[in-house]
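Asks: my_file_32.tsv is reproduced below (TSV, C-alpha atoms).
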chain	number	residue	atom	x	y	z
X	1	MET	CA	40.20	-36.83	40.61
X	2	GLY	CA	38.34	-33.55	40.20
X	3	PRO	CA	39.72	-30.22	38.99
X	4	ASP	CA	41.86	-28.02	41.19
X	5	PRO	CA	39.83	-25.58	43.31
X	6	PRO	CA	39.78	-22.01	42.04
X	7	ALA	CA	42.26	-19.58	43.52
X	8	VAL	CA	41.22	-17.69	46.63
X	9	PRO	CA	41.78	-13.91	46.51
X	10	GLY	CA	44.59	-12.74	48.77
X	11	ILE	CA	46.65	-15.93	48.76
X	12	ASP	CA	50.05	-15.88	47.11
X	13	PRO	CA	49.69	-18.32	44.16
X	14	LEU	CA	52.76	-20.38	45.06
X	15	LEU	CA	51.74	-20.52	48.71
X	16	GLU	CA	48.21	-21.58	47.79
X	17	GLU	CA	49.20	-24.33	45.38
X	18	GLY	CA	52.29	-25.57	47.17
X	19	PHE	CA	51.34	-25.08	50.83
X	20	VAL	CA	47.62	-24.49	51.43
X	21	HIS	CA	46.26	-27.20	49.13
X	22	PRO	CA	48.72	-29.88	50.35
X	23	LEU	CA	47.97	-28.98	53.98
X	24	LEU	CA	44.24	-29.38	53.46
X	25	ALA	CA	44.76	-32.57	51.47
X	26	GLN	CA	46.85	-33.99	54.32
X	27	LEU	CA	44.11	-33.15	56.81
X	28	ARG	CA	41.54	-34.77	54.50
X	29	THR	CA	43.56	-38.01	54.42
X	30	TRP	CA	43.97	-38.06	58.18
X	31	GLN	CA	40.32	-37.18	58.73
X	32	ALA	CA	39.25	-40.18	56.65
X	33	GLU	CA	41.52	-42.40	58.73
X	34	ALA	CA	40.04	-40.92	61.91
X	35	ARG	CA	36.52	-41.73	60.68
X	36	SER	CA	37.60	-45.32	60.11
X	37	GLY	CA	38.96	-45.49	63.65
X	38	THR	CA	42.61	-45.95	62.67
X	39	ARG	CA	43.90	-42.61	64.01
X	40	ARG	CA	42.93	-39.65	66.17
X	41	LEU	CA	41.33	-36.46	64.85
X	42	PRO	CA	44.07	-34.57	62.98
X	43	LEU	CA	45.89	-31.53	64.35
X	44	ILE	CA	48.53	-29.62	62.39
X	45	ALA	CA	50.86	-27.10	64.06
X	46	LEU	CA	51.54	-23.96	62.01
X	47	ASN	CA	54.71	-22.10	63.01
X	48	GLY	CA	55.48	-18.63	61.68
X	49	PRO	CA	57.07	-15.48	63.11
X	50	VAL	CA	55.07	-12.44	64.13
X	51	GLY	CA	53.72	-10.57	61.13
X	52	ALA	CA	54.07	-13.53	58.74
X	53	GLY	CA	50.33	-13.62	58.05
X	54	LYS	CA	49.34	-16.67	60.11
X	55	SER	CA	45.92	-15.26	61.02
X	56	THR	CA	45.18	-14.33	57.41
X	57	LEU	CA	46.33	-17.73	56.21
X	58	GLY	CA	44.13	-19.34	58.85
X	59	ARG	CA	41.04	-17.56	57.55
X	60	GLN	CA	41.91	-18.65	54.03
X	61	LEU	CA	42.35	-22.25	55.16
X	62	GLU	CA	38.92	-22.20	56.79
X	63	ALA	CA	37.38	-20.71	53.64
X	64	LEU	CA	38.88	-23.44	51.44
X	65	ALA	CA	38.35	-26.36	53.82
X	66	PRO	CA	34.78	-27.25	52.73
X	67	ARG	CA	36.08	-27.88	49.19
X	68	PHE	CA	38.23	-30.62	50.71
X	69	GLY	CA	35.33	-32.05	52.70
X	70	LEU	CA	36.66	-30.68	55.99
X	71	ARG	CA	35.07	-29.00	58.98
X	72	LEU	CA	38.23	-27.12	59.89
X	73	CYS	CA	38.95	-24.84	62.81
X	74	VAL	CA	42.08	-22.68	62.91
X	75	ALA	CA	42.99	-21.55	66.43
X	76	SER	CA	45.88	-19.55	67.83
X	77	ILE	CA	47.94	-20.59	70.80
X	78	ASP	CA	47.66	-16.92	71.80
X	79	ASP	CA	44.02	-17.58	72.73
X	80	LEU	CA	45.46	-19.73	75.50
X	81	TYR	CA	47.41	-16.96	77.18
X	82	LEU	CA	47.12	-17.09	80.94
X	83	SER	CA	44.91	-14.48	82.57
X	84	TRP	CA	46.43	-11.04	82.97
X	85	PRO	CA	47.18	-11.44	86.74
X	86	GLU	CA	48.78	-14.85	86.17
X	87	ARG	CA	50.94	-13.59	83.32
X	88	GLY	CA	51.99	-10.57	85.34
X	89	GLU	CA	53.23	-12.87	88.08
X	90	ARG	CA	54.80	-15.45	85.76
X	91	LEU	CA	56.71	-12.92	83.64
X	92	ALA	CA	57.61	-10.41	86.35
X	93	GLY	CA	60.98	-8.79	85.78
X	94	ASN	CA	61.56	-10.20	82.30
X	95	PRO	CA	64.10	-8.23	80.23
X	96	PHE	CA	61.59	-7.32	77.51
X	97	GLY	CA	59.09	-5.73	79.87
X	98	VAL	CA	56.25	-7.68	78.23
X	99	SER	CA	53.29	-9.51	79.73
X	100	ARG	CA	52.84	-12.03	76.92
X	101	VAL	CA	54.69	-13.76	74.04
X	102	PRO	CA	57.62	-15.66	75.68
X	103	PRO	CA	57.38	-19.34	76.62
X	104	GLY	CA	55.49	-19.66	79.88
X	105	SER	CA	52.75	-17.22	78.85
X	106	HIS	CA	50.27	-19.95	77.91
X	107	ASP	CA	47.80	-22.09	79.86
X	108	LEU	CA	49.06	-25.44	78.61
X	109	PRO	CA	47.01	-27.70	80.93
X	110	LEU	CA	43.84	-25.97	79.73
X	111	LEU	CA	44.84	-26.36	76.09
X	112	LEU	CA	45.78	-30.02	76.44
X	113	GLU	CA	42.48	-30.77	78.16
X	114	ALA	CA	40.59	-28.89	75.45
X	115	LEU	CA	42.34	-30.95	72.77
X	116	ALA	CA	41.60	-34.21	74.58
X	117	GLN	CA	37.91	-33.31	74.88
X	118	TRP	CA	37.81	-32.27	71.22
X	119	ARG	CA	39.24	-35.59	70.12
X	120	HIS	CA	36.65	-37.34	72.29
X	121	ARG	CA	33.53	-35.27	71.47
X	122	GLY	CA	34.39	-33.38	68.27
X	123	VAL	CA	33.76	-30.00	69.93
X	124	LEU	CA	36.60	-27.60	70.68
X	125	ARG	CA	36.08	-25.23	73.62
X	126	LEU	CA	38.65	-22.46	73.94
X	127	PRO	CA	38.86	-19.09	75.67
X	128	ARG	CA	38.91	-15.89	73.65
X	129	PHE	CA	41.82	-13.52	74.15
X	130	ASP	CA	41.27	-9.80	73.58
X	131	LYS	CA	44.53	-7.88	73.16
X	132	SER	CA	42.77	-4.56	73.76
X	133	LEU	CA	41.82	-5.38	77.37
X	134	ALA	CA	43.85	-4.57	80.49
X	135	ALA	CA	45.13	-1.32	78.99
X	136	GLY	CA	46.55	-3.16	75.98
X	137	GLU	CA	48.11	-5.99	77.97
X	138	GLY	CA	45.30	-8.31	76.90
X	139	ASP	CA	43.05	-10.65	78.87
X	140	ARG	CA	40.45	-13.36	78.43
X	141	ALA	CA	37.06	-12.34	77.09
X	142	GLY	CA	34.68	-15.29	77.26
X	143	TRP	CA	34.70	-18.65	75.53
X	144	ARG	CA	33.85	-20.18	72.18
X	145	GLU	CA	32.81	-23.68	71.16
X	146	LEU	CA	33.45	-24.99	67.66
X	147	ALA	CA	32.42	-28.30	66.12
X	148	CYS	CA	35.19	-29.48	63.81
X	149	ASP	CA	36.88	-32.66	62.65
X	150	ALA	CA	40.28	-31.12	61.82
X	151	LEU	CA	42.34	-28.46	63.55
X	152	VAL	CA	45.24	-26.14	62.76
X	153	LEU	CA	46.92	-24.53	65.77
X	154	GLU	CA	49.13	-21.56	64.89
X	155	GLY	CA	51.75	-19.67	66.84
X	156	TRP	CA	55.28	-18.33	66.58
X	157	LEU	CA	56.82	-21.02	68.83
X	158	MET	CA	54.89	-24.08	67.67
X	159	GLY	CA	57.17	-27.11	67.59
X	160	CYS	CA	60.22	-25.39	69.13
X	161	ARG	CA	62.19	-27.75	71.34
X	162	PRO	CA	64.28	-27.00	74.42
X	163	LEU	CA	68.02	-27.41	74.24
X	164	SER	CA	69.62	-30.17	76.25
X	165	GLU	CA	71.41	-29.12	79.41
X	166	ALA	CA	74.79	-29.71	77.78
X	167	ALA	CA	73.88	-27.76	74.64
X	168	LEU	CA	72.52	-24.85	76.66
X	169	GLU	CA	75.63	-24.79	78.84
X	170	ALA	CA	77.86	-24.66	75.76
X	171	VAL	CA	75.83	-21.78	74.34
X	172	MET	CA	75.87	-19.82	77.57
X	173	GLU	CA	79.60	-20.23	78.16
X	174	GLY	CA	80.47	-18.93	74.71
X	175	ALA	CA	77.89	-16.16	74.52
X	176	LEU	CA	78.02	-14.78	78.04
X	177	LEU	CA	81.77	-14.27	77.92
X	178	ARG	CA	81.38	-11.95	74.92
X	179	THR	CA	78.34	-10.31	76.46
X	180	LEU	CA	80.11	-9.49	79.72
X	181	ARG	CA	82.96	-7.92	77.78
X	182	THR	CA	80.94	-5.89	75.30
X	183	GLY	CA	77.39	-5.66	76.61
X	184	VAL	CA	76.18	-7.21	73.35
X	185	ALA	CA	76.29	-10.86	72.32
X	186	GLU	CA	77.94	-10.77	68.92
X	187	PRO	CA	77.78	-13.74	66.54
X	188	SER	CA	80.75	-15.94	65.86
X	189	ALA	CA	81.46	-19.04	63.80
X	190	GLU	CA	80.58	-21.16	66.83
X	191	GLN	CA	77.56	-19.12	67.95
X	192	PRO	CA	75.83	-17.57	64.91
X	193	LEU	CA	73.07	-15.93	66.94
X	194	GLY	CA	73.37	-12.32	65.96
X	195	ARG	CA	73.34	-10.16	62.88
X	196	GLU	CA	74.39	-12.71	60.28
X	197	ASN	CA	70.92	-14.30	60.12
X	198	GLY	CA	69.12	-10.98	60.56
X	199	ALA	CA	68.03	-11.62	64.15
X	200	PRO	CA	68.83	-8.93	66.73
X	201	PRO	CA	71.81	-9.72	68.98
X	202	LEU	CA	70.85	-10.43	72.57
X	203	GLN	CA	71.65	-7.96	75.31
X	204	ARG	CA	73.31	-9.07	78.54
X	205	GLU	CA	70.14	-9.37	80.61
X	206	GLU	CA	68.38	-11.21	77.78
X	207	TRP	CA	71.11	-13.84	77.81
X	208	THR	CA	70.70	-14.37	81.54
X	209	TRP	CA	67.03	-15.22	80.98
X	210	LEU	CA	67.69	-17.74	78.20
X	211	PRO	CA	67.88	-20.74	80.60
X	212	ARG	CA	64.51	-19.66	82.03
X	213	TRP	CA	62.83	-19.61	78.61
X	214	ASN	CA	64.51	-22.89	77.68
X	215	HIS	CA	63.12	-24.50	80.83
X	216	GLU	CA	59.64	-23.13	80.15
X	217	LEU	CA	59.78	-24.69	76.68
X	218	GLU	CA	60.01	-28.15	78.22
X	219	HIS	CA	56.39	-27.78	79.35
X	220	TYR	CA	55.29	-27.45	75.71
X	221	LEU	CA	56.54	-30.91	74.70
X	222	PRO	CA	53.23	-32.68	75.52
X	223	LEU	CA	51.50	-30.19	73.22
X	224	TRP	CA	53.93	-30.94	70.40
X	225	GLN	CA	53.24	-34.65	70.92
X	226	ALA	CA	49.54	-33.93	70.49
X	227	CYS	CA	50.22	-32.52	67.00
X	228	ASP	CA	50.43	-34.71	63.91
X	229	GLY	CA	52.50	-32.47	61.63
X	230	LEU	CA	54.45	-29.20	61.65
X	231	TRP	CA	54.16	-26.65	58.81
X	232	LEU	CA	56.50	-23.66	58.76
X	233	LEU	CA	56.34	-20.12	57.39
X	234	ARG	CA	59.87	-18.75	57.28
X	235	PRO	CA	61.29	-15.29	56.52
X	236	LEU	CA	64.19	-15.13	54.10
X	237	HIS	CA	66.02	-13.50	57.02
X	238	TRP	CA	65.03	-12.83	60.62
X	239	GLY	CA	65.05	-9.07	60.23
X	240	LEU	CA	61.73	-9.27	58.36
X	241	PRO	CA	59.29	-10.09	61.21
X	242	ARG	CA	59.82	-6.69	62.81
X	243	ARG	CA	59.07	-4.95	59.51
X	244	TRP	CA	56.02	-7.12	58.89
X	245	ARG	CA	54.58	-6.50	62.35
X	246	PHE	CA	55.02	-2.73	62.17
X	247	GLN	CA	53.43	-2.69	58.72
X	248	ALA	CA	50.46	-4.65	60.08
X	249	GLU	CA	50.12	-2.24	63.00
X	250	GLY	CA	50.13	0.67	60.56
X	251	ARG	CA	47.31	-0.90	58.57
X	252	GLN	CA	45.32	-1.49	61.75
X	253	ARG	CA	45.72	2.11	62.86
X	254	ARG	CA	44.66	3.45	59.46
X	255	SER	CA	41.52	1.33	59.67
X	256	GLY	CA	40.73	2.57	63.17
X	257	GLY	CA	42.34	-0.30	65.07
X	258	GLY	CA	45.75	-0.71	66.67
X	259	TRP	CA	46.42	-0.23	70.34
X	260	LEU	CA	50.17	-0.47	70.92
X	261	ALA	CA	52.70	2.33	71.12
X	262	PRO	CA	55.70	1.74	68.81
X	263	ALA	CA	58.05	1.10	71.74
X	264	ASP	CA	55.69	-1.50	73.21
X	265	LEU	CA	55.22	-3.17	69.85
X	266	ALA	CA	58.99	-3.30	69.32
X	267	GLN	CA	59.43	-5.10	72.63
X	268	LEU	CA	56.77	-7.69	71.80
X	269	VAL	CA	58.53	-8.43	68.52
X	270	ARG	CA	61.89	-8.54	70.27
X	271	ALA	CA	60.50	-10.96	72.86
X	272	SER	CA	59.59	-13.39	70.08
X	273	LEU	CA	63.05	-13.18	68.50
X	274	CYS	CA	65.22	-13.03	71.62
X	275	SER	CA	63.50	-15.29	74.14
X	276	LEU	CA	64.09	-18.17	71.71
X	277	PRO	CA	66.90	-17.06	69.35
X	278	PRO	CA	66.03	-18.36	65.87
X	279	ALA	CA	69.41	-19.99	65.22
X	280	LEU	CA	68.90	-22.19	68.28
X	281	TYR	CA	65.18	-22.87	68.25
X	282	GLN	CA	63.61	-22.01	64.88
X	283	ASP	CA	66.19	-22.79	62.21
X	284	PRO	CA	66.61	-26.45	63.25
X	285	LEU	CA	62.93	-27.02	62.47
X	286	SER	CA	63.50	-26.10	58.83
X	287	GLN	CA	66.71	-28.11	58.59
X	288	GLU	CA	65.49	-31.48	59.82
X	289	LEU	CA	63.90	-32.30	56.48
X	290	ALA	CA	63.30	-35.75	55.06
X	291	PRO	CA	65.89	-36.52	52.34
X	292	ASP	CA	63.22	-37.39	49.75
X	293	GLY	CA	61.37	-34.08	49.92
X	294	VAL	CA	60.28	-31.95	46.97
X	295	TRP	CA	61.45	-28.37	46.38
X	296	LEU	CA	59.09	-25.97	44.64
X	297	GLY	CA	59.64	-22.54	43.16
X	298	ALA	CA	57.71	-20.13	40.96
X	299	GLY	CA	58.41	-20.24	37.22
X	300	SER	CA	56.89	-18.69	34.12
X	301	ALA	CA	54.97	-21.91	33.44
X	302	GLY	CA	53.83	-22.42	37.03
X	303	LEU	CA	55.52	-24.45	39.74
X	304	LEU	CA	59.08	-25.63	39.22
X	305	THR	CA	59.89	-28.87	41.02
X	306	SER	CA	63.25	-30.24	42.09
X	307	ARG	CA	64.30	-33.20	44.20
X	308	SER	CA	67.93	-32.12	44.44
X	309	GLY	CA	69.50	-32.33	47.87
X	310	ASP	CA	71.86	-29.49	46.92
X	311	ARG	CA	69.17	-26.88	47.51
X	312	GLN	CA	68.45	-28.17	50.99
X	313	GLU	CA	72.14	-28.01	51.90
X	314	THR	CA	72.50	-24.48	50.57
X	315	ARG	CA	69.40	-23.30	52.43
X	316	ALA	CA	70.66	-24.76	55.69
X	317	GLN	CA	74.05	-23.16	55.27
X	318	ARG	CA	72.46	-19.75	54.71
X	319	SER	CA	70.22	-20.04	57.78
X	320	GLY	CA	73.05	-19.37	60.21
X	321	ALA	CA	73.08	-22.65	62.12
X	322	ALA	CA	74.65	-26.02	61.53
X	323	PRO	CA	72.37	-28.42	59.61
X	324	GLN	CA	70.78	-31.14	61.70
X	325	PRO	CA	70.22	-34.74	60.56
X	326	HIS	CA	66.67	-35.74	59.73
X	327	ASP	CA	65.07	-37.35	62.77
X	328	PRO	CA	61.90	-39.22	61.77
X	329	SER	CA	61.06	-39.94	65.42
X	330	PHE	CA	60.55	-36.30	66.38
X	331	LYS	CA	56.94	-35.26	66.89
X	332	PRO	CA	55.50	-33.38	65.22
X	333	PRO	CA	57.56	-33.98	62.06
X	334	THR	CA	58.23	-31.02	59.77
X	335	GLN	CA	56.13	-31.63	56.66
X	336	ALA	CA	56.42	-28.34	54.77
X	337	VAL	CA	58.42	-25.10	54.79
X	338	ALA	CA	57.54	-21.93	52.88
X	339	TRP	CA	60.10	-19.10	52.65
X	340	LEU	CA	58.62	-15.58	52.42
X	341	ASP	CA	60.23	-12.40	51.13
X	342	GLY	CA	59.81	-8.87	52.49
X	343	ARG	CA	56.37	-8.56	50.88
X	344	ARG	CA	55.35	-11.93	52.30
X	345	ARG	CA	55.41	-13.51	48.86
X	346	CYS	CA	56.41	-17.15	48.78
X	347	ARG	CA	59.79	-17.56	47.09
X	348	SER	CA	60.34	-21.30	47.53
X	349	LEU	CA	58.84	-24.32	49.27
X	350	TRP	CA	59.89	-27.68	50.61
X	351	LEU	CA	57.34	-30.49	50.98
X	352	GLN	CA	57.39	-34.10	51.99
X	353	ALA	CA	57.39	-36.09	48.76
X	354	SER	CA	53.95	-37.57	49.49
X	355	LEU	CA	52.47	-34.04	49.73
X	356	SER	CA	53.42	-32.71	46.29
X	357	PRO	CA	50.70	-30.50	44.73
X	358	SER	CA	49.88	-33.12	42.08
X	359	SER	CA	48.35	-35.25	44.83
X	360	SER	CA	46.54	-32.38	46.58
X	361	ALA	CA	43.62	-31.57	44.27
X	362	THR	CA	40.11	-31.91	45.58
X	363	GLY	CA	38.42	-35.11	44.57
Go ahead and render the structure in this file as structure tokens.
Replies:
Amino acid sequence: MGPDPPAVPGIDPLLEEGFVHPLLAQLRTWQAEARSGTRRLPLIALNGPVGAGKSTLGRQLEALAPRFGLRLCVASIDDLYLSWPERGERLAGNPFGVSRVPPGSHDLPLLLEALAQWRHRGVLRLPRFDKSLAAGEGDRAGWRELACDALVLEGWLMGCRPLSEAALEAVMEGALLRTLRTGVAEPSAEQPLGRENGAPPLQREEWTWLPRWNHELEHYLPLWQACDGLWLLRPLHWGLPRRWRFQAEGRQRRSGGGWLAPADLAQLVRASLCSLPPALYQDPLSQELAPDGVWLGAGSAGLLTSRSGDRQETRAQRSGAAPQPHDPSFKPPTQAVAWLDGRRRCRSLWLQASLSPSSSATG
């Protein structure tokens, strides 16, 4: 076993040691199995809210990958947005007034075919999406081909599952009654979907569209089945993504970039938080954790490790939704969760036991 790779500038130390290195080590293991013919080329889904730093993390993963013997490509599901005319038709009349972001915005048949061809030929061919085109609505701008033997696909809704018909009906009956009375869906003990977890409460029209978004999410299930693992970036509360995204826009404008008016940007962020309310669609992903996982936190002497189930229970209780039992049959399985504070510093981590940092050094 060789020494740990040197730190990469710009990566939070806890996130690098407890998240980035284990992710690359997992891909290295799966890649070796793929070379031996015992599994398919590996694909990890990276889920994180808007502004969490997924693109930056992706560049850092690609920079570190050669040290793990990987030819890694990090792609965004946003590159698979439908063309501007198709999105305009698909999302017409939506309550956020947006032309991208919610479920149904993506060209899933194209993506699934691209993944199948990549696993057959080792070359990934994807469209490029330029957010500055179509007066800021965004549109396709050519194609790119990348030779790689491992892939990370990032996006804010990666791995999110639709609710069953019965579960959705129960949600709608409880929430719509309050919405019709007050105009705002307030949280309750039974439906903790509002301010208590930091997410914005849904307005009346947004609630009426929830079944539509839930139905659209069903079309993403074949994509989730194509993924081998799910890795999560999580805010300490769901009020942070809006702050993060506006901070990022400010940096882009100061550097000569940026193309969205504040009101338009606010609606894009809201679309990500209110088309799939986190308590229903995001929080369960970070609660269905294997019972033998490892918890990591920053300490004065480096990483602090704990295998106590108490921390998992406390985290789930604070998330604003009832904890779900671990389901090992769900694909892709949640393998790691990193919780980020307001400055996007990693405060704590959960990992599958087999992925602890001690087993993730380059060799």
Asks: For Arg161 in chain X, please output as a ChimeraX atom specification all residues within 8 Å (counting only C-alpha atoms; exclusion window: fewer than 4 positions along the same chain).
Replies: /X:217-218,221,281
Asks: Identify, on the basis of only C-alpha atoms, every residue whose closest approach to range 52-58 of chain X does not exceed 7 Å; exclude the query and any residue fewer than 2 positions from it along the same chain; express the result as a list in words.
Replies: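 Once the nearby chain positions are removed, what remains is Gly48, Pro49, Val50, Gln60, Leu61, Glu62, Val74, Glu154, Pro241, Trp244 and Arg344 of chain X.
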Asks: When you look at Asp130 in chain X with a cut-off of 12 Å (counting all atoms listed in the file), what residues show up, excluding the ones that are within fewer than 4 positions of it in the same chain? I need them as a list of chain:residue names.
Replies: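 The contact residues come out as X:Asp78, X:Asp79, X:Leu80, X:Tyr81, X:Leu82, X:Ser83, X:Trp84, X:Ala134, X:Ala135, X:Gly136, X:Glu137, X:Gly138, X:Asp139, X:Arg140, X:Ala141, X:Gly142, X:Trp143, X:Trp259.
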Asks: Hey, could you make a per-residue contact list for range 59-173 of chain X against range 198-206 of chain X with 9 Å as the cut-off, showing the nearest pair of atoms and its distance in Å to one decimal, counting only C-alpha atoms, sorted by chain and number, as a Markdown table?
Replies:
| residue | atom | partner | partner_atom | distance |
| --- | --- | --- | --- | --- |
| X:Asn94 | CA | X:Glu206 | CA | 8.2 |
| X:Pro95 | CA | X:Glu206 | CA | 5.8 |
| X:Phe96 | CA | X:Glu206 | CA | 7.8 |
Asks: Taking all atoms listed in the file into account, which of X:Leu265, X:Asp341, X:Gly155, X:Arg119 comes nearest His237 in chain X?
Replies: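 Of X:Leu265, X:Asp341, X:Gly155, X:Arg119, the one nearest His237 in chain X is X:Asp341, counting all atoms listed in the file.
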Asks: Which polymer residues, whether protein, DNA or RNA, lie within 6 Å of the coordinate (41.2, -26.3, 48.2) when you count all atoms listed in the file? List them as a PDB file with C-alpha atoms, in the coordinates of the input, using the chain letters and numbers from the file.
Replies:
ATOM      1  CA  PRO X   5      39.830 -25.580  43.310  1.00  0.00           C
ATOM      2  CA  HIS X  21      46.260 -27.200  49.130  1.00  0.00           C
ATOM      3  CA  LEU X  64      38.880 -23.440  51.440  1.00  0.00           C
ATOM      4  CA  ARG X  67      36.080 -27.880  49.190  1.00  0.00           C
ATOM      5  CA  PHE X  68      38.230 -30.620  50.710  1.00  0.00           C
TER       6      PHE X  68
END
